[in-house]
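For reference, start17.json is printed below; it contains JSON, N, CA and C atoms.
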```json
[["chain", "number", "residue", "atom", "x", "y", "z"],
["A", 25, "MET", "N", 6.01, 1.24, -3.21],
["A", 25, "MET", "CA", 5.82, 2.00, -1.98],
["A", 25, "MET", "C", 4.48, 1.62, -1.38],
["A", 26, "GLN", "N", 4.33, 1.90, -0.11],
["A", 26, "GLN", "CA", 3.11, 1.54, 0.61],
["A", 26, "GLN", "C", 2.31, 2.79, 0.97],
["A", 27, "ILE", "N", 0.99, 2.73, 0.71],
["A", 27, "ILE", "CA", 0.08, 3.79, 1.12],
["A", 27, "ILE", "C", -1.09, 3.13, 1.85],
["A", 28, "ILE", "N", -1.91, 3.93, 2.49],
["A", 28, "ILE", "CA", -3.09, 3.41, 3.18],
["A", 28, "ILE", "C", -4.32, 4.03, 2.52],
["A", 29, "VAL", "N", -5.22, 3.16, 2.06],
["A", 29, "VAL", "CA", -6.43, 3.60, 1.36],
["A", 29, "VAL", "C", -7.64, 3.09, 2.12],
["A", 30, "ASN", "N", -8.43, 4.03, 2.64],
["A", 30, "ASN", "CA", -9.62, 3.67, 3.43],
["A", 30, "ASN", "C", -9.28, 2.62, 4.49],
["A", 31, "GLY", "N", -8.13, 2.80, 5.14],
["A", 31, "GLY", "CA", -7.73, 1.93, 6.23],
["A", 31, "GLY", "C", -7.00, 0.66, 5.83],
["A", 32, "GLU", "N", -6.82, 0.41, 4.52],
["A", 32, "GLU", "CA", -6.15, -0.80, 4.05],
["A", 32, "GLU", "C", -4.81, -0.45, 3.43],
["A", 33, "ASN", "N", -3.80, -1.26, 3.72],
["A", 33, "ASN", "CA", -2.48, -1.07, 3.12],
["A", 33, "ASN", "C", -2.52, -1.47, 1.66],
["A", 34, "LYS", "N", -1.90, -0.66, 0.81],
["A", 34, "LYS", "CA", -1.77, -0.95, -0.62],
["A", 34, "LYS", "C", -0.33, -0.72, -1.02],
["A", 35, "ILE", "N", 0.16, -1.55, -1.90],
["A", 35, "ILE", "CA", 1.50, -1.40, -2.47],
["A", 35, "ILE", "C", 1.30, -0.90, -3.91],
["A", 36, "ILE", "N", 1.92, 0.24, -4.23],
["A", 36, "ILE", "CA", 1.79, 0.83, -5.55],
["A", 36, "ILE", "C", 3.14, 1.35, -6.03],
["A", 37, "THR", "N", 3.21, 1.67, -7.32],
["A", 37, "THR", "CA", 4.35, 2.39, -7.85],
["A", 37, "THR", "C", 4.02, 3.88, -7.78],
["A", 38, "GLU", "N", 5.03, 4.72, -7.95],
["A", 38, "GLU", "CA", 4.76, 6.17, -7.90],
["A", 38, "GLU", "C", 3.82, 6.55, -9.04],
["A", 39, "MET", "N", 2.76, 7.30, -8.70],
["A", 39, "MET", "CA", 1.80, 7.75, -9.70],
["A", 39, "MET", "C", 1.00, 8.91, -9.13],
["A", 40, "SER", "N", 0.22, 9.53, -10.00],
["A", 40, "SER", "CA", -0.65, 10.62, -9.57],
["A", 40, "SER", "C", -1.88, 10.04, -8.86],
["A", 41, "LEU", "N", -2.55, 10.90, -8.14],
["A", 41, "LEU", "CA", -3.80, 10.50, -7.48],
["A", 41, "LEU", "C", -4.82, 10.05, -8.53],
["A", 42, "SER", "N", -4.91, 10.79, -9.62],
["A", 42, "SER", "CA", -5.83, 10.43, -10.69],
["A", 42, "SER", "C", -5.48, 9.06, -11.26],
["A", 43, "GLY", "N", -4.20, 8.82, -11.52],
["A", 43, "GLY", "CA", -3.77, 7.53, -12.04],
["A", 43, "GLY", "C", -4.08, 6.40, -11.09],
["A", 44, "PHE", "N", -3.91, 6.63, -9.79],
["A", 44, "PHE", "CA", -4.21, 5.60, -8.79],
["A", 44, "PHE", "C", -5.70, 5.27, -8.81],
["A", 45, "LEU", "N", -6.55, 6.30, -8.80],
["A", 45, "LEU", "CA", -7.99, 6.06, -8.82],
["A", 45, "LEU", "C", -8.39, 5.24, -10.04],
["A", 46, "GLU", "N", -7.86, 5.61, -11.20],
["A", 46, "GLU", "CA", -8.18, 4.87, -12.42],
["A", 46, "GLU", "C", -7.65, 3.43, -12.34],
["A", 47, "SER", "N", -6.49, 3.23, -11.72],
["A", 47, "SER", "CA", -5.90, 1.88, -11.62],
["A", 47, "SER", "C", -6.74, 0.94, -10.76],
["A", 48, "ILE", "N", -7.53, 1.50, -9.85],
["A", 48, "ILE", "CA", -8.38, 0.65, -9.01],
["A", 48, "ILE", "C", -9.84, 0.69, -9.47],
["A", 49, "GLY", "N", -10.06, 1.23, -10.69],
["A", 49, "GLY", "CA", -11.39, 1.18, -11.29],
["A", 49, "GLY", "C", -12.36, 2.24, -10.80],
["A", 50, "ILE", "N", -11.84, 3.36, -10.32],
["A", 50, "ILE", "CA", -12.70, 4.43, -9.81],
["A", 50, "ILE", "C", -12.64, 5.62, -10.76],
["A", 51, "ASP", "N", -13.80, 6.11, -11.15],
["A", 51, "ASP", "CA", -13.89, 7.31, -11.99],
["A", 51, "ASP", "C", -13.61, 8.52, -11.10],
["A", 52, "PRO", "N", -12.51, 9.23, -11.34],
["A", 52, "PRO", "CA", -12.15, 10.37, -10.48],
["A", 52, "PRO", "C", -13.24, 11.45, -10.40],
["A", 53, "ARG", "N", -14.12, 11.50, -11.39],
["A", 53, "ARG", "CA", -15.18, 12.52, -11.38],
["A", 53, "ARG", "C", -16.29, 12.20, -10.38],
["A", 54, "GLN", "N", -16.33, 10.97, -9.88],
["A", 54, "GLN", "CA", -17.43, 10.54, -9.05],
["A", 54, "GLN", "C", -17.07, 10.33, -7.58],
["A", 55, "VAL", "N", -15.92, 10.85, -7.16],
["A", 55, "VAL", "CA", -15.50, 10.67, -5.77],
["A", 55, "VAL", "C", -14.93, 11.96, -5.20],
["A", 56, "ALA", "N", -14.91, 12.01, -3.89],
["A", 56, "ALA", "CA", -14.18, 13.04, -3.15],
["A", 56, "ALA", "C", -13.01, 12.31, -2.49],
["A", 57, "VAL", "N", -11.85, 12.99, -2.42],
["A", 57, "VAL", "CA", -10.67, 12.34, -1.88],
["A", 57, "VAL", "C", -10.01, 13.23, -0.82],
["A", 58, "GLU", "N", -9.67, 12.59, 0.29],
["A", 58, "GLU", "CA", -8.90, 13.24, 1.34],
["A", 58, "GLU", "C", -7.52, 12.58, 1.33],
["A", 59, "LEU", "N", -6.47, 13.40, 1.24],
["A", 59, "LEU", "CA", -5.10, 12.92, 1.24],
["A", 59, "LEU", "C", -4.39, 13.51, 2.44],
["A", 60, "ASN", "N", -3.97, 12.64, 3.34],
["A", 60, "ASN", "CA", -3.30, 13.08, 4.58],
["A", 60, "ASN", "C", -4.11, 14.14, 5.32],
["A", 61, "ARG", "N", -5.41, 13.86, 5.45],
["A", 61, "ARG", "CA", -6.36, 14.67, 6.23],
["A", 61, "ARG", "C", -6.71, 16.01, 5.58],
["A", 62, "GLU", "N", -6.43, 16.17, 4.27],
["A", 62, "GLU", "CA", -6.81, 17.38, 3.56],
["A", 62, "GLU", "C", -7.59, 17.00, 2.31],
["A", 63, "ILE", "N", -8.72, 17.67, 2.07],
["A", 63, "ILE", "CA", -9.51, 17.44, 0.87],
["A", 63, "ILE", "C", -8.69, 17.89, -0.35],
["A", 64, "VAL", "N", -8.66, 17.06, -1.37],
["A", 64, "VAL", "CA", -7.94, 17.39, -2.60],
["A", 64, "VAL", "C", -8.95, 17.85, -3.64],
["A", 65, "PRO", "N", -8.81, 19.07, -4.15],
["A", 65, "PRO", "CA", -9.71, 19.52, -5.22],
["A", 65, "PRO", "C", -9.55, 18.64, -6.46],
["A", 66, "LYS", "N", -10.65, 18.37, -7.16],
["A", 66, "LYS", "CA", -10.59, 17.54, -8.36],
["A", 66, "LYS", "C", -9.59, 18.09, -9.36],
["A", 67, "SER", "N", -9.44, 19.39, -9.41],
["A", 67, "SER", "CA", -8.50, 20.01, -10.36],
["A", 67, "SER", "C", -7.05, 19.65, -10.05],
["A", 68, "SER", "N", -6.78, 19.11, -8.86],
["A", 68, "SER", "CA", -5.42, 18.74, -8.47],
["A", 68, "SER", "C", -5.15, 17.24, -8.54],
["A", 69, "PHE", "N", -6.15, 16.43, -8.87],
["A", 69, "PHE", "CA", -5.98, 14.98, -8.89],
["A", 69, "PHE", "C", -4.82, 14.56, -9.80],
["A", 70, "GLU", "N", -4.70, 15.17, -10.98],
["A", 70, "GLU", "CA", -3.68, 14.78, -11.94],
["A", 70, "GLU", "C", -2.28, 15.19, -11.50],
["A", 71, "SER", "N", -2.15, 16.33, -10.85],
["A", 71, "SER", "CA", -0.83, 16.84, -10.48],
["A", 71, "SER", "C", -0.36, 16.36, -9.10],
["A", 72, "LYS", "N", -1.27, 15.82, -8.29],
["A", 72, "LYS", "CA", -0.91, 15.36, -6.94],
["A", 72, "LYS", "C", -0.26, 13.98, -7.04],
["A", 73, "ILE", "N", 1.04, 13.91, -6.74],
["A", 73, "ILE", "CA", 1.79, 12.66, -6.80],
["A", 73, "ILE", "C", 1.77, 12.00, -5.43],
["A", 74, "LEU", "N", 1.48, 10.70, -5.41],
["A", 74, "LEU", "CA", 1.43, 9.95, -4.15],
["A", 74, "LEU", "C", 2.83, 9.58, -3.70],
["A", 75, "HIS", "N", 3.02, 9.53, -2.37],
["A", 75, "HIS", "CA", 4.31, 9.24, -1.77],
["A", 75, "HIS", "C", 4.16, 8.16, -0.70],
["A", 76, "GLU", "N", 5.28, 7.52, -0.37],
["A", 76, "GLU", "CA", 5.33, 6.50, 0.69],
["A", 76, "GLU", "C", 4.63, 7.00, 1.94],
["A", 77, "GLY", "N", 3.73, 6.17, 2.48],
["A", 77, "GLY", "CA", 3.06, 6.48, 3.74],
["A", 77, "GLY", "C", 1.84, 7.37, 3.63],
["A", 78, "ASP", "N", 1.49, 7.82, 2.41],
["A", 78, "ASP", "CA", 0.29, 8.66, 2.27],
["A", 78, "ASP", "C", -0.94, 7.91, 2.74],
["A", 79, "ARG", "N", -1.87, 8.68, 3.31],
["A", 79, "ARG", "CA", -3.16, 8.13, 3.75],
["A", 79, "ARG", "C", -4.25, 8.75, 2.89],
["A", 80, "ILE", "N", -5.03, 7.89, 2.25],
["A", 80, "ILE", "CA", -6.09, 8.35, 1.35],
["A", 80, "ILE", "C", -7.43, 7.83, 1.86],
["A", 81, "GLU", "N", -8.41, 8.71, 1.87],
["A", 81, "GLU", "CA", -9.79, 8.32, 2.13],
["A", 81, "GLU", "C", -10.58, 8.68, 0.88],
["A", 82, "ILE", "N", -11.32, 7.72, 0.34],
["A", 82, "ILE", "CA", -12.10, 7.93, -0.87],
["A", 82, "ILE", "C", -13.58, 7.81, -0.51],
["A", 83, "VAL", "N", -14.35, 8.82, -0.90],
["A", 83, "VAL", "CA", -15.79, 8.83, -0.62],
["A", 83, "VAL", "C", -16.52, 8.84, -1.96],
["A", 84, "HIS", "N", -17.39, 7.85, -2.18],
["A", 84, "HIS", "CA", -18.18, 7.77, -3.40],
["A", 84, "HIS", "C", -19.48, 8.52, -3.23],
["A", 85, "PHE", "N", -19.91, 9.18, -4.29],
["A", 85, "PHE", "CA", -21.22, 9.85, -4.27],
["A", 85, "PHE", "C", -22.27, 8.82, -4.67],
["A", 86, "VAL", "N", -23.36, 8.79, -3.91],
["A", 86, "VAL", "CA", -24.44, 7.84, -4.17],
["A", 86, "VAL", "C", -25.72, 8.61, -4.36],
["A", 87, "GLY", "N", -26.38, 8.37, -5.47],
["A", 87, "GLY", "CA", -27.66, 9.03, -5.72],
["A", 87, "GLY", "C", -28.80, 8.19, -5.18],
["A", 88, "GLY", "N", -29.93, 8.78, -5.06],
["A", 88, "GLY", "CA", -31.09, 8.05, -4.57],
["A", 88, "GLY", "C", -32.15, 8.99, -4.09],
["A", 89, "GLY", "N", -33.18, 8.41, -3.59],
["A", 89, "GLY", "CA", -34.22, 9.30, -3.13],
["A", 89, "GLY", "C", -35.34, 8.60, -2.44]]
```

Final structure tokens representation of the file:
Amino acid sequence: MQIIVNGENKIITEMSLSGFLESIGIDPRQVAVELNREIVPKSSFESKILHEGDRIEIVHFVGGG
């Protein structure tokens, strides 16, 4: 199935949001995710299943000072 991640098309198999993040090398604890224009609580990453046409925006937290 096809989804859009940060404006780029991706082809994936059906999986959870958490599984997708891990599959692309992202630690789910270190990002905020918007799915179809709604913020997804971290507690829902594992249970949220991705579907054809979903739009995901991933924001990484950056430390510094």

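Atom pair CA of Ile36 in chain A / CA of Gly49 in chain A: separated by 14.4 Å.
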
Per-residue DSSP, chain A, filtered to helix (DSSP H, G or I), as a PyMOL selection string: chain A and resi 41-47+52-54+66-68

Of the listed residues A:Lys34, A:Lys66, A:Asn60, A:Phe44, that which approaches Asp78 in chain A most closely, counting all atoms listed in the file: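 Counting all atoms listed in the file, the residue closest to Asp78 in chain A is A:Asn60.
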
Atomic separation - CA of Leu59 in chain A relative to CA of Gln26 in chain A, Å: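 The value is 14.0 Å.
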
Residue contacts of Ser68 in chain A (8 Å, all atoms listed in the file) excluding same-chain residues fewer than 6 positions away, as a PyMOL selection string: chain A and resi 40-42

Store the residues picked out above, limited to N, CA and C atoms, as a compact mmCIF listing (two decimals), keeping the file's coordinate frame.
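Saved as out-v7.txt:
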```
# COMPACT_ATOMS: atom_id res chain seq x y z
N SER A 40 0.22 9.53 -10.00
CA SER A 40 -0.65 10.62 -9.57
C SER A 40 -1.88 10.04 -8.86
N LEU A 41 -2.55 10.90 -8.14
CA LEU A 41 -3.80 10.50 -7.48
C LEU A 41 -4.82 10.05 -8.53
N SER A 42 -4.91 10.79 -9.62
CA SER A 42 -5.83 10.43 -10.69
C SER A 42 -5.48 9.06 -11.26
```

Closest of A:Glu62, A:Glu38, A:Val55, A:Ile27 to Ile82 in chain A - atom-to-atom distances counting only N, CA and C atoms: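 The shortest atom-to-atom distance to Ile82 in chain A comes from A:Val55.
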
Between atom C of Leu74 in chain A and CA of Met39 in chain A, distance in Å (one decimal):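 So the two atoms, atom C of Leu74 in chain A and CA of Met39 in chain A, lie 6.4 Å apart.
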
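The smallest atom-to-atom distance between Pro52 in chain A and any of A:Gly87, A:Thr37, A:Phe69, A:Met25, using all atoms listed in the file, is found for A:Phe69.
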
Shortest interatomic distance to Lys72 in chain A - which of A:Ser47, A:Arg53, A:Glu58, A:Glu32, counting only C-alpha atoms: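 Among the listed residues, A:Glu58 lies closest to Lys72 in chain A.
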
Nearest residue to Gly31 in chain A from the set A:Ile63, A:Leu45, A:Ile80, A:Ile73 (distances using all atoms listed in the file):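 Closest residue, counting all atoms listed in the file: A:Ile80.
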
Nearest to Val57 in chain A by atom-to-atom distance, counting only N, CA and C atoms, from A:Glu76, A:Val86, A:Asn33, A:Glu81: A:Glu81

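Listed by chain and then by rising number, the residues of chain A that DSSP assigns to strand (DSSP E) from the backbone are Gln26, Ile27, Ile28, Val29, Glu32, Asn33, Lys34, Ile35, Val55, Ala56, Val57, Glu58, Leu59, Glu62, Ile63, Val64, Arg79, Ile80, Glu81, Ile82, Val83 and His84 of chain A.
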
Generate all heavy atoms for range 43-54 of chain A and emit them as an mmCIF file, in the frame of the given file.
```cif
data_model
loop_
_atom_site.group_PDB
_atom_site.id
_atom_site.type_symbol
_atom_site.label_atom_id
_atom_site.label_comp_id
_atom_site.auth_asym_id
_atom_site.auth_seq_id
_atom_site.Cartn_x
_atom_site.Cartn_y
_atom_site.Cartn_z
ATOM 1 N N GLY A 43 -4.200 8.820 -11.520
ATOM 2 C CA GLY A 43 -3.770 7.530 -12.040
ATOM 3 C C GLY A 43 -4.080 6.400 -11.090
ATOM 4 O O GLY A 43 -4.480 5.309 -11.507
ATOM 5 N N PHE A 44 -3.910 6.630 -9.790
ATOM 6 C CA PHE A 44 -4.210 5.600 -8.790
ATOM 7 C C PHE A 44 -5.700 5.270 -8.810
ATOM 8 O O PHE A 44 -6.074 4.094 -8.838
ATOM 9 C CB PHE A 44 -3.798 6.037 -7.393
ATOM 10 C CG PHE A 44 -4.260 5.082 -6.343
ATOM 11 C CD1 PHE A 44 -3.687 3.826 -6.240
ATOM 12 C CD2 PHE A 44 -5.296 5.411 -5.491
ATOM 13 C CE1 PHE A 44 -4.137 2.915 -5.279
ATOM 14 C CE2 PHE A 44 -5.743 4.515 -4.543
ATOM 15 C CZ PHE A 44 -5.170 3.261 -4.434
ATOM 16 N N LEU A 45 -6.550 6.300 -8.800
ATOM 17 C CA LEU A 45 -7.990 6.060 -8.820
ATOM 18 C C LEU A 45 -8.390 5.240 -10.040
ATOM 19 O O LEU A 45 -9.145 4.268 -9.935
ATOM 20 C CB LEU A 45 -8.759 7.383 -8.780
ATOM 21 C CG LEU A 45 -8.623 8.189 -7.486
ATOM 22 C CD1 LEU A 45 -9.265 9.561 -7.650
ATOM 23 C CD2 LEU A 45 -9.229 7.442 -6.305
ATOM 24 N N GLU A 46 -7.860 5.610 -11.200
ATOM 25 C CA GLU A 46 -8.180 4.870 -12.420
ATOM 26 C C GLU A 46 -7.650 3.430 -12.340
ATOM 27 O O GLU A 46 -8.313 2.511 -12.818
ATOM 28 C CB GLU A 46 -7.636 5.604 -13.628
ATOM 29 C CG GLU A 46 -8.389 6.906 -13.875
ATOM 30 C CD GLU A 46 -7.755 7.791 -14.938
ATOM 31 O OE1 GLU A 46 -6.740 7.384 -15.551
ATOM 32 O OE2 GLU A 46 -8.288 8.892 -15.155
ATOM 33 N N SER A 47 -6.490 3.230 -11.720
ATOM 34 C CA SER A 47 -5.900 1.880 -11.620
ATOM 35 C C SER A 47 -6.740 0.940 -10.760
ATOM 36 O O SER A 47 -6.629 -0.269 -10.910
ATOM 37 C CB SER A 47 -4.467 1.956 -11.096
ATOM 38 O OG SER A 47 -4.431 2.159 -9.695
ATOM 39 N N ILE A 48 -7.530 1.500 -9.850
ATOM 40 C CA ILE A 48 -8.380 0.650 -9.010
ATOM 41 C C ILE A 48 -9.840 0.690 -9.470
ATOM 42 O O ILE A 48 -10.743 0.276 -8.751
ATOM 43 C CB ILE A 48 -8.252 0.983 -7.505
ATOM 44 C CG1 ILE A 48 -8.656 2.427 -7.202
ATOM 45 C CG2 ILE A 48 -6.851 0.678 -7.012
ATOM 46 C CD1 ILE A 48 -8.731 2.757 -5.717
ATOM 47 N N GLY A 49 -10.060 1.230 -10.690
ATOM 48 C CA GLY A 49 -11.390 1.180 -11.290
ATOM 49 C C GLY A 49 -12.360 2.240 -10.800
ATOM 50 O O GLY A 49 -13.574 2.049 -10.873
ATOM 51 N N ILE A 50 -11.840 3.360 -10.320
ATOM 52 C CA ILE A 50 -12.700 4.430 -9.810
ATOM 53 C C ILE A 50 -12.640 5.620 -10.760
ATOM 54 O O ILE A 50 -11.556 6.080 -11.118
ATOM 55 C CB ILE A 50 -12.284 4.855 -8.393
ATOM 56 C CG1 ILE A 50 -12.541 3.700 -7.419
ATOM 57 C CG2 ILE A 50 -13.014 6.113 -7.954
ATOM 58 C CD1 ILE A 50 -12.099 3.967 -6.008
ATOM 59 N N ASP A 51 -13.800 6.110 -11.150
ATOM 60 C CA ASP A 51 -13.890 7.310 -11.990
ATOM 61 C C ASP A 51 -13.610 8.520 -11.100
ATOM 62 O O ASP A 51 -14.382 8.796 -10.179
ATOM 63 C CB ASP A 51 -15.278 7.410 -12.601
ATOM 64 C CG ASP A 51 -15.440 8.578 -13.545
ATOM 65 O OD1 ASP A 51 -14.602 9.515 -13.524
ATOM 66 O OD2 ASP A 51 -16.419 8.575 -14.309
ATOM 67 N N PRO A 52 -12.510 9.230 -11.340
ATOM 68 C CA PRO A 52 -12.150 10.370 -10.480
ATOM 69 C C PRO A 52 -13.240 11.450 -10.400
ATOM 70 O O PRO A 52 -13.279 12.199 -9.437
ATOM 71 C CB PRO A 52 -10.885 10.930 -11.130
ATOM 72 C CG PRO A 52 -10.317 9.806 -11.915
ATOM 73 C CD PRO A 52 -11.498 8.999 -12.375
ATOM 74 N N ARG A 53 -14.120 11.500 -11.390
ATOM 75 C CA ARG A 53 -15.180 12.520 -11.380
ATOM 76 C C ARG A 53 -16.290 12.200 -10.380
ATOM 77 O O ARG A 53 -17.091 13.068 -10.063
ATOM 78 C CB ARG A 53 -15.785 12.651 -12.780
ATOM 79 C CG ARG A 53 -14.777 13.111 -13.832
ATOM 80 C CD ARG A 53 -15.358 13.005 -15.204
ATOM 81 N NE ARG A 53 -15.638 11.588 -15.463
ATOM 82 C CZ ARG A 53 -16.280 11.138 -16.526
ATOM 83 N NH1 ARG A 53 -16.711 11.960 -17.447
ATOM 84 N NH2 ARG A 53 -16.482 9.846 -16.682
ATOM 85 N N GLN A 54 -16.330 10.970 -9.880
ATOM 86 C CA GLN A 54 -17.430 10.540 -9.050
ATOM 87 C C GLN A 54 -17.070 10.330 -7.580
ATOM 88 O O GLN A 54 -17.825 9.697 -6.847
ATOM 89 C CB GLN A 54 -18.036 9.252 -9.603
ATOM 90 C CG GLN A 54 -18.605 9.442 -10.990
ATOM 91 C CD GLN A 54 -19.168 8.171 -11.561
ATOM 92 O OE1 GLN A 54 -18.857 7.074 -11.107
ATOM 93 N NE2 GLN A 54 -20.019 8.309 -12.547
#
```
